[in-house]
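File shown: input-v2.cif (mmCIF, N, CA and C atoms and all ligand atoms).
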```
data_target
#
loop_
_atom_site.label_atom_id
_atom_site.label_comp_id
_atom_site.auth_asym_id
_atom_site.auth_seq_id
_atom_site.Cartn_x
_atom_site.Cartn_y
_atom_site.Cartn_z
N MET H 1 -5.26 65.46 -17.44
CA MET H 1 -4.93 65.49 -18.87
C MET H 1 -5.40 66.81 -19.47
N SER H 2 -4.53 67.50 -20.14
CA SER H 2 -4.97 68.75 -20.75
C SER H 2 -4.92 68.62 -22.27
N THR H 3 -5.84 69.32 -22.92
CA THR H 3 -5.90 69.27 -24.37
C THR H 3 -6.00 70.68 -24.94
N LEU H 4 -5.48 70.83 -26.16
CA LEU H 4 -5.61 72.09 -26.89
C LEU H 4 -6.82 71.92 -27.81
N PRO H 5 -7.70 72.92 -27.89
CA PRO H 5 -8.87 72.79 -28.78
C PRO H 5 -8.47 72.52 -30.22
N SER H 6 -7.42 73.21 -30.69
CA SER H 6 -6.93 72.92 -32.03
C SER H 6 -5.48 73.38 -32.16
N ALA H 7 -4.77 72.79 -33.13
CA ALA H 7 -3.38 73.15 -33.38
C ALA H 7 -3.06 72.84 -34.83
N THR H 8 -2.19 73.67 -35.42
CA THR H 8 -1.84 73.49 -36.82
C THR H 8 -0.41 72.98 -36.95
N GLY H 9 -0.11 72.45 -38.14
CA GLY H 9 1.25 71.96 -38.37
C GLY H 9 1.48 71.71 -39.84
N GLN H 10 2.70 71.36 -40.18
CA GLN H 10 3.04 71.04 -41.57
C GLN H 10 4.35 70.28 -41.64
N CYS H 11 4.59 69.71 -42.84
CA CYS H 11 5.87 69.03 -43.08
C CYS H 11 6.94 70.07 -43.38
N LEU H 12 8.16 69.63 -43.55
CA LEU H 12 9.27 70.56 -43.78
C LEU H 12 9.11 71.38 -45.05
N CYS H 13 8.65 70.76 -46.14
CA CYS H 13 8.54 71.50 -47.41
C CYS H 13 7.22 72.25 -47.55
N GLY H 14 6.24 71.93 -46.69
CA GLY H 14 4.97 72.64 -46.72
C GLY H 14 3.92 72.03 -47.65
N ALA H 15 4.25 70.96 -48.35
CA ALA H 15 3.28 70.33 -49.26
C ALA H 15 2.08 69.77 -48.48
N VAL H 16 2.34 69.30 -47.27
CA VAL H 16 1.27 68.76 -46.42
C VAL H 16 1.15 69.64 -45.19
N SER H 17 -0.07 70.10 -44.92
CA SER H 17 -0.32 70.83 -43.67
C SER H 17 -1.58 70.26 -43.05
N PHE H 18 -1.80 70.58 -41.79
CA PHE H 18 -2.96 70.00 -41.10
C PHE H 18 -3.47 70.89 -39.99
N THR H 19 -4.71 70.65 -39.63
CA THR H 19 -5.29 71.23 -38.42
C THR H 19 -5.81 70.06 -37.59
N ALA H 20 -5.31 69.95 -36.38
CA ALA H 20 -5.73 68.89 -35.47
C ALA H 20 -6.62 69.50 -34.40
N THR H 21 -7.59 68.72 -33.92
CA THR H 21 -8.44 69.18 -32.82
C THR H 21 -8.27 68.26 -31.62
N GLU H 22 -8.66 68.77 -30.45
CA GLU H 22 -8.54 68.02 -29.18
C GLU H 22 -7.16 67.39 -29.06
N VAL H 23 -6.16 68.23 -29.09
CA VAL H 23 -4.77 67.75 -29.07
C VAL H 23 -4.31 67.52 -27.63
N ASP H 24 -3.99 66.28 -27.31
CA ASP H 24 -3.47 65.94 -25.99
C ASP H 24 -2.07 66.54 -25.88
N THR H 25 -1.81 67.30 -24.82
CA THR H 25 -0.50 67.96 -24.71
C THR H 25 0.57 67.03 -24.13
N HIS H 26 0.16 65.84 -23.67
CA HIS H 26 1.14 64.91 -23.11
C HIS H 26 1.69 64.00 -24.19
N MET H 27 2.96 64.18 -24.51
CA MET H 27 3.55 63.35 -25.57
C MET H 27 4.02 62.01 -25.02
N HIS H 28 4.00 61.03 -25.93
CA HIS H 28 4.54 59.73 -25.58
C HIS H 28 5.72 59.45 -26.49
N VAL H 29 6.76 58.96 -25.87
CA VAL H 29 7.97 58.61 -26.61
C VAL H 29 7.97 57.10 -26.81
N CYS H 30 8.13 56.67 -28.08
CA CYS H 30 8.18 55.23 -28.34
C CYS H 30 9.56 54.84 -28.85
N HIS H 31 10.11 53.82 -28.19
CA HIS H 31 11.46 53.35 -28.54
C HIS H 31 11.44 52.08 -29.37
N CYS H 32 10.27 51.65 -29.86
CA CYS H 32 10.21 50.37 -30.56
C CYS H 32 11.04 50.41 -31.85
N GLY H 33 11.44 49.26 -32.30
CA GLY H 33 12.32 49.17 -33.46
C GLY H 33 11.70 49.73 -34.73
N MET H 34 10.38 49.58 -34.89
CA MET H 34 9.73 50.10 -36.10
C MET H 34 9.71 51.62 -36.10
N CYS H 35 9.40 52.21 -34.96
CA CYS H 35 9.41 53.68 -34.87
C CYS H 35 10.81 54.21 -35.15
N ARG H 36 11.80 53.61 -34.53
CA ARG H 36 13.16 54.14 -34.69
C ARG H 36 13.62 54.02 -36.14
N ARG H 37 13.29 52.91 -36.79
CA ARG H 37 13.73 52.75 -38.18
C ARG H 37 12.96 53.69 -39.12
N HIS H 38 11.68 53.86 -38.87
CA HIS H 38 10.87 54.71 -39.75
C HIS H 38 11.17 56.20 -39.56
N ALA H 39 11.31 56.62 -38.30
CA ALA H 39 11.46 58.05 -38.00
C ALA H 39 12.92 58.48 -37.85
N GLY H 40 13.83 57.52 -37.80
CA GLY H 40 15.23 57.86 -37.63
C GLY H 40 15.62 58.04 -36.17
N GLY H 41 14.74 57.69 -35.26
CA GLY H 41 15.00 57.82 -33.83
C GLY H 41 13.71 57.53 -33.11
N PRO H 42 13.70 57.66 -31.79
CA PRO H 42 12.44 57.41 -31.06
C PRO H 42 11.38 58.40 -31.52
N THR H 43 10.11 58.00 -31.53
CA THR H 43 9.05 58.93 -31.93
C THR H 43 8.52 59.65 -30.70
N MET H 44 8.17 60.91 -30.90
CA MET H 44 7.58 61.72 -29.83
C MET H 44 6.27 62.21 -30.42
N SER H 45 5.15 61.74 -29.85
CA SER H 45 3.89 62.03 -30.50
C SER H 45 2.74 62.21 -29.53
N VAL H 46 1.66 62.79 -30.04
CA VAL H 46 0.48 63.08 -29.23
C VAL H 46 -0.80 62.61 -29.93
N HIS H 47 -1.76 62.17 -29.12
CA HIS H 47 -3.07 61.78 -29.64
C HIS H 47 -3.86 63.04 -30.00
N VAL H 48 -4.60 62.96 -31.09
CA VAL H 48 -5.50 64.05 -31.44
C VAL H 48 -6.90 63.48 -31.64
N GLY H 49 -7.92 64.30 -31.36
CA GLY H 49 -9.29 63.84 -31.50
C GLY H 49 -9.75 63.83 -32.95
N GLY H 50 -9.26 64.79 -33.71
CA GLY H 50 -9.65 64.89 -35.12
C GLY H 50 -8.53 65.53 -35.92
N ILE H 51 -8.54 65.28 -37.23
CA ILE H 51 -7.47 65.83 -38.07
C ILE H 51 -7.99 66.09 -39.48
N THR H 52 -7.62 67.25 -40.04
CA THR H 52 -7.90 67.48 -41.46
C THR H 52 -6.60 67.89 -42.12
N PHE H 53 -6.34 67.28 -43.28
CA PHE H 53 -5.10 67.54 -44.01
C PHE H 53 -5.35 68.40 -45.23
N LYS H 54 -4.35 69.20 -45.57
CA LYS H 54 -4.32 69.94 -46.83
C LYS H 54 -3.13 69.34 -47.56
N GLY H 55 -3.31 68.99 -48.83
CA GLY H 55 -2.21 68.35 -49.55
C GLY H 55 -2.20 66.85 -49.33
N ASP H 56 -3.39 66.30 -49.14
CA ASP H 56 -3.56 64.86 -48.91
C ASP H 56 -2.81 64.00 -49.93
N GLY H 57 -2.80 64.46 -51.20
CA GLY H 57 -2.15 63.71 -52.26
C GLY H 57 -0.65 63.57 -52.09
N ASP H 58 -0.06 64.39 -51.25
CA ASP H 58 1.39 64.30 -51.02
C ASP H 58 1.73 63.50 -49.78
N ILE H 59 0.72 62.84 -49.18
CA ILE H 59 1.01 62.01 -48.02
C ILE H 59 1.32 60.58 -48.46
N LEU H 60 2.45 60.09 -48.04
CA LEU H 60 2.81 58.69 -48.28
C LEU H 60 2.33 57.90 -47.07
N ARG H 61 1.39 56.96 -47.31
CA ARG H 61 0.86 56.14 -46.22
C ARG H 61 1.47 54.75 -46.32
N TYR H 62 2.31 54.42 -45.37
CA TYR H 62 2.97 53.11 -45.36
C TYR H 62 2.31 52.22 -44.30
N ARG H 63 1.73 51.13 -44.78
CA ARG H 63 1.04 50.23 -43.87
C ARG H 63 2.09 49.36 -43.18
N SER H 64 2.42 49.73 -41.93
CA SER H 64 3.52 49.06 -41.23
C SER H 64 3.06 47.81 -40.48
N SER H 65 1.74 47.62 -40.35
CA SER H 65 1.22 46.41 -39.71
C SER H 65 -0.23 46.24 -40.15
N ASP H 66 -0.87 45.17 -39.71
CA ASP H 66 -2.27 44.91 -40.05
C ASP H 66 -3.20 45.98 -39.48
N PHE H 67 -2.77 46.62 -38.39
CA PHE H 67 -3.68 47.52 -37.69
C PHE H 67 -3.32 49.00 -37.78
N ALA H 68 -2.22 49.34 -38.48
CA ALA H 68 -1.84 50.76 -38.52
C ALA H 68 -1.00 51.10 -39.74
N GLU H 69 -0.98 52.40 -40.04
CA GLU H 69 -0.12 52.91 -41.10
C GLU H 69 0.64 54.11 -40.57
N ARG H 70 1.76 54.42 -41.23
CA ARG H 70 2.58 55.56 -40.83
C ARG H 70 2.61 56.54 -41.99
N GLY H 71 2.46 57.82 -41.67
CA GLY H 71 2.37 58.83 -42.72
C GLY H 71 3.58 59.74 -42.75
N SER H 72 4.03 60.02 -43.98
CA SER H 72 5.11 60.98 -44.16
C SER H 72 4.86 61.74 -45.45
N CYS H 73 5.62 62.82 -45.67
CA CYS H 73 5.44 63.62 -46.88
C CYS H 73 6.18 62.97 -48.04
N LYS H 74 5.48 62.84 -49.18
CA LYS H 74 6.09 62.24 -50.37
C LYS H 74 7.24 63.08 -50.91
N LYS H 75 7.19 64.39 -50.69
CA LYS H 75 8.20 65.28 -51.27
C LYS H 75 9.43 65.46 -50.39
N CYS H 76 9.23 65.67 -49.09
CA CYS H 76 10.39 65.97 -48.23
C CYS H 76 10.69 64.87 -47.22
N GLY H 77 9.77 63.89 -47.08
CA GLY H 77 10.04 62.76 -46.18
C GLY H 77 9.73 62.99 -44.72
N SER H 78 9.23 64.19 -44.38
CA SER H 78 8.94 64.45 -42.96
C SER H 78 7.97 63.42 -42.40
N HIS H 79 8.28 62.96 -41.20
CA HIS H 79 7.44 62.01 -40.48
C HIS H 79 6.26 62.78 -39.91
N LEU H 80 5.03 62.34 -40.19
CA LEU H 80 3.85 63.10 -39.78
C LEU H 80 2.98 62.41 -38.73
N PHE H 81 2.70 61.12 -38.93
CA PHE H 81 1.77 60.47 -38.01
C PHE H 81 1.87 58.94 -38.00
N TYR H 82 1.22 58.41 -36.97
CA TYR H 82 0.94 56.99 -36.85
C TYR H 82 -0.58 56.94 -36.82
N HIS H 83 -1.18 56.15 -37.70
CA HIS H 83 -2.63 56.08 -37.80
C HIS H 83 -3.11 54.68 -37.49
N LEU H 84 -3.82 54.58 -36.36
CA LEU H 84 -4.40 53.31 -35.94
C LEU H 84 -5.76 53.20 -36.62
N PHE H 85 -6.04 52.00 -37.21
CA PHE H 85 -7.31 51.85 -37.94
C PHE H 85 -8.51 51.63 -37.03
N GLN H 86 -8.33 50.83 -35.99
CA GLN H 86 -9.46 50.41 -35.15
C GLN H 86 -9.11 50.46 -33.66
N PRO H 87 -9.51 51.44 -32.89
CA PRO H 87 -10.35 52.57 -33.31
C PRO H 87 -9.56 53.53 -34.21
N ASP H 88 -10.28 54.26 -35.05
CA ASP H 88 -9.67 55.19 -35.98
C ASP H 88 -9.05 56.35 -35.19
N MET H 89 -7.70 56.38 -35.13
CA MET H 89 -7.04 57.35 -34.28
C MET H 89 -5.72 57.81 -34.88
N TYR H 90 -5.51 59.12 -34.92
CA TYR H 90 -4.26 59.67 -35.41
C TYR H 90 -3.37 60.09 -34.24
N ILE H 91 -2.13 59.69 -34.30
CA ILE H 91 -1.14 60.04 -33.30
C ILE H 91 -0.06 60.82 -34.05
N MET H 92 -0.04 62.13 -33.81
CA MET H 92 0.79 63.02 -34.62
C MET H 92 2.18 63.24 -34.00
N SER H 93 3.18 63.33 -34.86
CA SER H 93 4.54 63.63 -34.40
C SER H 93 4.57 65.07 -33.89
N ILE H 94 5.14 65.28 -32.71
CA ILE H 94 5.12 66.66 -32.18
C ILE H 94 5.97 67.59 -33.04
N GLY H 95 6.98 67.04 -33.71
CA GLY H 95 7.85 67.86 -34.54
C GLY H 95 7.14 68.50 -35.72
N ALA H 96 5.96 67.99 -36.07
CA ALA H 96 5.22 68.53 -37.22
C ALA H 96 4.36 69.74 -36.85
N PHE H 97 4.16 69.96 -35.55
CA PHE H 97 3.31 71.07 -35.13
C PHE H 97 4.05 72.41 -35.22
N ASP H 98 3.29 73.47 -35.51
CA ASP H 98 3.87 74.81 -35.60
C ASP H 98 4.35 75.31 -34.24
N ASP H 99 3.55 75.05 -33.20
CA ASP H 99 3.91 75.47 -31.85
C ASP H 99 4.07 74.22 -30.98
N GLN H 100 5.28 73.94 -30.57
CA GLN H 100 5.54 72.73 -29.79
C GLN H 100 5.80 73.03 -28.32
N ALA H 101 5.65 74.31 -27.95
CA ALA H 101 6.00 74.75 -26.59
C ALA H 101 5.09 74.15 -25.51
N LYS H 102 3.85 73.79 -25.88
CA LYS H 102 2.91 73.33 -24.86
C LYS H 102 3.00 71.83 -24.58
N PHE H 103 3.79 71.11 -25.35
CA PHE H 103 3.87 69.67 -25.14
C PHE H 103 4.78 69.34 -23.96
N GLU H 104 4.32 68.40 -23.14
CA GLU H 104 5.15 67.95 -22.03
C GLU H 104 5.22 66.43 -22.01
N MET H 105 6.22 65.91 -21.32
CA MET H 105 6.45 64.47 -21.31
C MET H 105 5.30 63.73 -20.63
N GLY H 106 4.72 62.78 -21.34
CA GLY H 106 3.66 61.97 -20.77
C GLY H 106 4.17 60.61 -20.34
N GLY H 107 5.20 60.12 -21.00
CA GLY H 107 5.76 58.83 -20.64
C GLY H 107 6.46 58.18 -21.82
N GLU H 108 7.21 57.13 -21.50
CA GLU H 108 7.93 56.40 -22.54
C GLU H 108 7.38 54.98 -22.63
N ILE H 109 7.31 54.45 -23.84
CA ILE H 109 6.89 53.07 -24.04
C ILE H 109 7.96 52.30 -24.82
N TYR H 110 7.90 50.98 -24.71
CA TYR H 110 8.91 50.09 -25.29
C TYR H 110 10.29 50.45 -24.76
N ILE H 111 10.34 50.73 -23.45
CA ILE H 111 11.61 51.13 -22.84
C ILE H 111 12.64 49.99 -22.94
N ASP H 112 12.13 48.75 -23.00
CA ASP H 112 13.06 47.61 -23.10
C ASP H 112 13.67 47.48 -24.49
N ALA H 113 13.15 48.25 -25.46
CA ALA H 113 13.73 48.20 -26.81
C ALA H 113 14.70 49.36 -27.04
N LYS H 114 14.79 50.26 -26.07
CA LYS H 114 15.63 51.46 -26.22
C LYS H 114 17.12 51.10 -26.25
N PRO H 115 17.84 51.62 -27.25
CA PRO H 115 19.29 51.43 -27.24
C PRO H 115 19.88 52.14 -26.02
N GLN H 116 20.95 51.62 -25.48
CA GLN H 116 21.47 52.20 -24.23
C GLN H 116 22.17 53.55 -24.40
N GLY H 117 22.44 53.96 -25.63
CA GLY H 117 23.22 55.17 -25.86
C GLY H 117 22.52 56.50 -25.63
N TYR H 118 21.22 56.48 -25.37
CA TYR H 118 20.53 57.74 -25.07
C TYR H 118 19.47 57.45 -24.03
N ALA H 119 19.00 58.50 -23.33
CA ALA H 119 17.94 58.36 -22.35
C ALA H 119 17.26 59.70 -22.13
N PHE H 120 15.96 59.66 -21.86
CA PHE H 120 15.23 60.89 -21.55
C PHE H 120 15.22 61.08 -20.04
N ALA H 121 15.57 62.29 -19.60
CA ALA H 121 15.62 62.58 -18.17
C ALA H 121 14.21 62.83 -17.64
N GLY H 122 14.06 62.78 -16.33
CA GLY H 122 12.80 63.16 -15.71
C GLY H 122 12.07 62.00 -15.06
N ASP H 123 11.10 62.38 -14.24
CA ASP H 123 10.34 61.40 -13.49
C ASP H 123 9.00 61.20 -14.19
N HIS H 124 8.88 60.12 -14.97
CA HIS H 124 7.65 59.82 -15.69
C HIS H 124 7.59 58.31 -15.91
N SER H 125 6.46 57.82 -16.42
CA SER H 125 6.33 56.37 -16.59
C SER H 125 7.22 55.86 -17.73
N ARG H 126 7.75 54.68 -17.53
CA ARG H 126 8.58 54.02 -18.54
C ARG H 126 8.12 52.57 -18.63
N GLU H 127 7.29 52.29 -19.63
CA GLU H 127 6.71 50.96 -19.74
C GLU H 127 7.46 50.09 -20.74
N THR H 128 7.57 48.83 -20.39
CA THR H 128 8.14 47.85 -21.33
C THR H 128 7.07 47.52 -22.37
N GLU H 129 7.45 46.81 -23.41
CA GLU H 129 6.50 46.38 -24.43
C GLU H 129 5.34 45.62 -23.77
N HIS H 130 5.68 44.70 -22.89
CA HIS H 130 4.68 43.87 -22.21
C HIS H 130 3.73 44.72 -21.37
N GLU H 131 4.30 45.63 -20.58
CA GLU H 131 3.47 46.50 -19.73
C GLU H 131 2.55 47.38 -20.57
N PHE H 132 3.08 47.91 -21.66
CA PHE H 132 2.28 48.78 -22.53
C PHE H 132 1.14 48.01 -23.18
N LEU H 133 1.44 46.85 -23.76
CA LEU H 133 0.41 46.06 -24.44
C LEU H 133 -0.67 45.57 -23.47
N LYS H 134 -0.25 45.32 -22.24
CA LYS H 134 -1.19 44.90 -21.22
C LYS H 134 -2.12 46.07 -20.86
N ARG H 135 -1.55 47.25 -20.72
CA ARG H 135 -2.34 48.42 -20.36
C ARG H 135 -3.40 48.76 -21.42
N ILE H 136 -3.03 48.63 -22.70
CA ILE H 136 -4.00 48.98 -23.75
C ILE H 136 -4.91 47.81 -24.11
N GLY H 137 -4.71 46.68 -23.45
CA GLY H 137 -5.64 45.56 -23.61
C GLY H 137 -5.35 44.62 -24.77
N VAL H 138 -4.16 44.71 -25.35
CA VAL H 138 -3.80 43.82 -26.46
C VAL H 138 -3.48 42.42 -25.95
N ILE H 139 -2.84 42.36 -24.76
CA ILE H 139 -2.56 41.07 -24.15
C ILE H 139 -3.10 41.07 -22.72
N GLN H 140 -3.25 39.89 -22.15
CA GLN H 140 -3.79 39.76 -20.79
C GLN H 140 -2.72 40.02 -19.74
ZN ZN Q 201 6.93 67.90 -47.30
ZN ZN Q 202 6.94 52.52 -31.74
#
```
Reformat the file's structure so that it appears as structure tokens.
Ligand SMILES: [Zn+2]
Ligand SMILES: [Zn+2]
Amino acid sequence: MSTLPSATGQCLCGAVSFTATEVDTHMHVCHCGMCRRHAGGPTMSVHVGGITFKGDGDILRYRSSDFAERGSCKKCGSHLFYHLFQPDMYIMSIGAFDDQAKFEMGGEIYIDAKPQGYAFAGDHSRETEHEFLKRIGVIQ
């Protein structure tokens, strides 16, 4: 696993910008129905160790479940993050970063929810909802 010490990013209009630390370069693609509806397609995102925002007041935080919220810009609508409350963890959309060249495919999750009309090429893990939830310890 490789990480970048820090990386910067912003939304489309620039009202919200951020500096993330300990950025995992392996992105995960999520095909779940909530991600697709919120982001307009599958989400491609990376875990970060820490995050500081500029323009916090322009972040729209939508609580999509009991355990997480999704962040976007109030002004331009750019999708910015998925924020897990416990443990406190930000998973940032790779599209929000200024330099996206270092990100590589880490794997796909909720592959069983993926519509059949598109697919990501390559040899990487493709977990179903059940396999993913089992791996992270949500279910036995
Ligand atoms: Zn914006
Ligand atoms: Zn999802």
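Shortest atom-to-atom contact with H:Asp99 among H:Ala7, H:Leu84, H:Ile51, H:Ala113: H:Ala7, counting all atoms listed in the file.
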Open item on the list: Calculated over only N, CA and C atoms and all ligand atoms, which of the candidates H:Lys114, H:Thr19, H:Gly33, H:His79 has the smallest distance to ligand ZN 201 (chain Q)?
Closed with: H:His79
Task: Nearest to H:Pro42 by atom-to-atom distance, counting only C-alpha atoms, from H:His124, H:Ser78, H:Ala101, H:Ser93 - done: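 Ranking H:His124, H:Ser78, H:Ala101, H:Ser93 by distance to H:Pro42, first place goes to H:Ser93.
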Open item on the list: Give me, as a ChimeraX atom specification, the set of residues whose atoms come within 8 Å of any atom of ligand ZN 202 (chain Q), counting all atoms listed in the file.
Closed with: /H:29-36,42-43,109-110
Any chance you can output those residues with N, CA and C atoms as a PDB file, keeping the file's coordinate frame?
```pdb
ATOM      1  N   VAL H  29       6.760  58.960 -25.870  1.00  0.00           N
ATOM      2  CA  VAL H  29       7.970  58.610 -26.610  1.00  0.00           C
ATOM      3  C   VAL H  29       7.970  57.100 -26.810  1.00  0.00           C
ATOM      4  N   CYS H  30       8.130  56.670 -28.080  1.00  0.00           N
ATOM      5  CA  CYS H  30       8.180  55.230 -28.340  1.00  0.00           C
ATOM      6  C   CYS H  30       9.560  54.840 -28.850  1.00  0.00           C
ATOM      7  N   HIS H  31      10.110  53.820 -28.190  1.00  0.00           N
ATOM      8  CA  HIS H  31      11.460  53.350 -28.540  1.00  0.00           C
ATOM      9  C   HIS H  31      11.440  52.080 -29.370  1.00  0.00           C
ATOM     10  N   CYS H  32      10.270  51.650 -29.860  1.00  0.00           N
ATOM     11  CA  CYS H  32      10.210  50.370 -30.560  1.00  0.00           C
ATOM     12  C   CYS H  32      11.040  50.410 -31.850  1.00  0.00           C
ATOM     13  N   GLY H  33      11.440  49.260 -32.300  1.00  0.00           N
ATOM     14  CA  GLY H  33      12.320  49.170 -33.460  1.00  0.00           C
ATOM     15  C   GLY H  33      11.700  49.730 -34.730  1.00  0.00           C
ATOM     16  N   MET H  34      10.380  49.580 -34.890  1.00  0.00           N
ATOM     17  CA  MET H  34       9.730  50.100 -36.100  1.00  0.00           C
ATOM     18  C   MET H  34       9.710  51.620 -36.100  1.00  0.00           C
ATOM     19  N   CYS H  35       9.400  52.210 -34.960  1.00  0.00           N
ATOM     20  CA  CYS H  35       9.410  53.680 -34.870  1.00  0.00           C
ATOM     21  C   CYS H  35      10.810  54.210 -35.150  1.00  0.00           C
ATOM     22  N   ARG H  36      11.800  53.610 -34.530  1.00  0.00           N
ATOM     23  CA  ARG H  36      13.160  54.140 -34.690  1.00  0.00           C
ATOM     24  C   ARG H  36      13.620  54.020 -36.140  1.00  0.00           C
ATOM     25  N   PRO H  42      13.700  57.660 -31.790  1.00  0.00           N
ATOM     26  CA  PRO H  42      12.440  57.410 -31.060  1.00  0.00           C
ATOM     27  C   PRO H  42      11.380  58.400 -31.520  1.00  0.00           C
ATOM     28  N   THR H  43      10.110  58.000 -31.530  1.00  0.00           N
ATOM     29  CA  THR H  43       9.050  58.930 -31.930  1.00  0.00           C
ATOM     30  C   THR H  43       8.520  59.650 -30.700  1.00  0.00           C
ATOM     31  N   ILE H 109       7.310  54.450 -23.840  1.00  0.00           N
ATOM     32  CA  ILE H 109       6.890  53.070 -24.040  1.00  0.00           C
ATOM     33  C   ILE H 109       7.960  52.300 -24.820  1.00  0.00           C
ATOM     34  N   TYR H 110       7.900  50.980 -24.710  1.00  0.00           N
ATOM     35  CA  TYR H 110       8.910  50.090 -25.290  1.00  0.00           C
ATOM     36  C   TYR H 110      10.290  50.450 -24.760  1.00  0.00           C
TER      37      TYR H 110
END
```
Which residues form the shell of 7 Å around ligand ZN 201 (chain Q) when you count only C-alpha atoms and all ligand atoms, given as a compact mmCIF listing (two decimals) with N, CA and C atoms, keeping the file's coordinate frame?
```
# COMPACT_ATOMS: atom_id res chain seq x y z
N CYS H 11 4.59 69.71 -42.84
CA CYS H 11 5.87 69.03 -43.08
C CYS H 11 6.94 70.07 -43.38
N LEU H 12 8.16 69.63 -43.55
CA LEU H 12 9.27 70.56 -43.78
C LEU H 12 9.11 71.38 -45.05
N CYS H 13 8.65 70.76 -46.14
CA CYS H 13 8.54 71.50 -47.41
C CYS H 13 7.22 72.25 -47.55
N GLY H 14 6.24 71.93 -46.69
CA GLY H 14 4.97 72.64 -46.72
C GLY H 14 3.92 72.03 -47.65
N ALA H 15 4.25 70.96 -48.35
CA ALA H 15 3.28 70.33 -49.26
C ALA H 15 2.08 69.77 -48.48
N VAL H 16 2.34 69.30 -47.27
CA VAL H 16 1.27 68.76 -46.42
C VAL H 16 1.15 69.64 -45.19
N CYS H 73 5.62 62.82 -45.67
CA CYS H 73 5.44 63.62 -46.88
C CYS H 73 6.18 62.97 -48.04
N LYS H 74 5.48 62.84 -49.18
CA LYS H 74 6.09 62.24 -50.37
C LYS H 74 7.24 63.08 -50.91
N LYS H 75 7.19 64.39 -50.69
CA LYS H 75 8.20 65.28 -51.27
C LYS H 75 9.43 65.46 -50.39
N CYS H 76 9.23 65.67 -49.09
CA CYS H 76 10.39 65.97 -48.23
C CYS H 76 10.69 64.87 -47.22
N GLY H 77 9.77 63.89 -47.08
CA GLY H 77 10.04 62.76 -46.18
C GLY H 77 9.73 62.99 -44.72
N SER H 78 9.23 64.19 -44.38
CA SER H 78 8.94 64.45 -42.96
C SER H 78 7.97 63.42 -42.40
```
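For the residues H:Arg126, H:His47, H:Lys134, H:Lys102, ranking by smallest atom-to-atom distance to H:Val23 using only N, CA and C atoms places H:His47 first.
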